[in-house]
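Notes follow the structure.
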Amino acid sequence: MNKKWKWIAAIVLCGVVILGTQLQERGQLAVDVKKIVYSSEDLTVMRNLLQEVFGQESDETITVSTENVNSELLSFVSVKPYDQGYLLTFEEAIPILAIENGLVVYTGHDKNTGKTISVFYEGDTTVTYGNVDSFSLLPYTSIERGGTLANKEPGDLYIKIEEGGKVLNLEETLEWMKEHTQS
C-alpha cells in the first residue's frame, strides 16, 4: 500500500485517540481511552490489526550471528525490590539499549521512579526503566535492536519486566536479563 495512505491512516487514528480523550475528560464518553491506548494487550491487538490492514514489508534477512546487546545491564553490584520492580545499583555509567525491535510506549517523570521510559517489545514483553538520567525518545517511537533508549549514570536503575501481563519476580527478572543481554 502507498506510504501516503499509511500516513493519512496514522493521522486519522491519532485524531480519533485525541478526540476520544477529550470526550472522556468532558464526561461524554464512558470508555477510558488512556487505559486502552497505554495497555500492552491493546497495543498488541492494535499492532496486529494494523499489520493485517497495511501489510508488512517482507524482510528477507537471515541472521548469521548475533552480538551481545546491553550486556552492561548485568554489571550491577546490588539489587533490591522496589515498587513492583527492582533497583539495580551500578558503579559506572551505562547505556540502556533496546534488546529487540520494539515500541516506546511511555517516556516521562514518575513520582516513584523519576525519569522513566517503557518499551513494548514484539514478544509481548514490556520493560520499564526508571531513574534514568537522560532519554531522547518520544512515546510511540519505534526502536530497533541495539538502539539507545536512555543513559544511566552511577546509581540505582529501576527495572520492571512484564511478560504477557504478568510482572516477573526477582529470579525471573534476572533470568530474563541474562537471556536477552547475551547471545
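All residue names refer to the C-alpha cells as shown: chains lettered A, B, ... in order, residues numbered from 1 in each chain, ligands numbered from 1 in order.
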Could you name the residues that touch segment 148-162 of chain A at 8 Å or less, counting only C-alpha atoms, but leaving out those on the same chain fewer than 4 positions away, as a PyMOL selection string?
-> chain A and resi 82+84-98+113+117+125-137+166-168+173
Pick from A:Glu122, A:Asp110, A:Leu23, A:Val105, whichever lies nearest to Asp83 of chain A using only C-alpha atoms | A:Asp110
Work out how far apart atom CA of Gly147 of chain A and atom CA of Ser71 of chain A are and give it in Å to one decimal.
->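 Interatomic distance, atom CA of Gly147 of chain A to atom CA of Ser71 of chain A: 13.4 Å.
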Would you give me, as number ranges by chain, the residues in segment 46-183 of chain A that DSSP reads as strand (DSSP E or B)?
-> A: 78-82, 85-90, 94-97, 102-110, 114-121, 125-130, 134-135, 142-143, 148-152, 155-163, 166-167
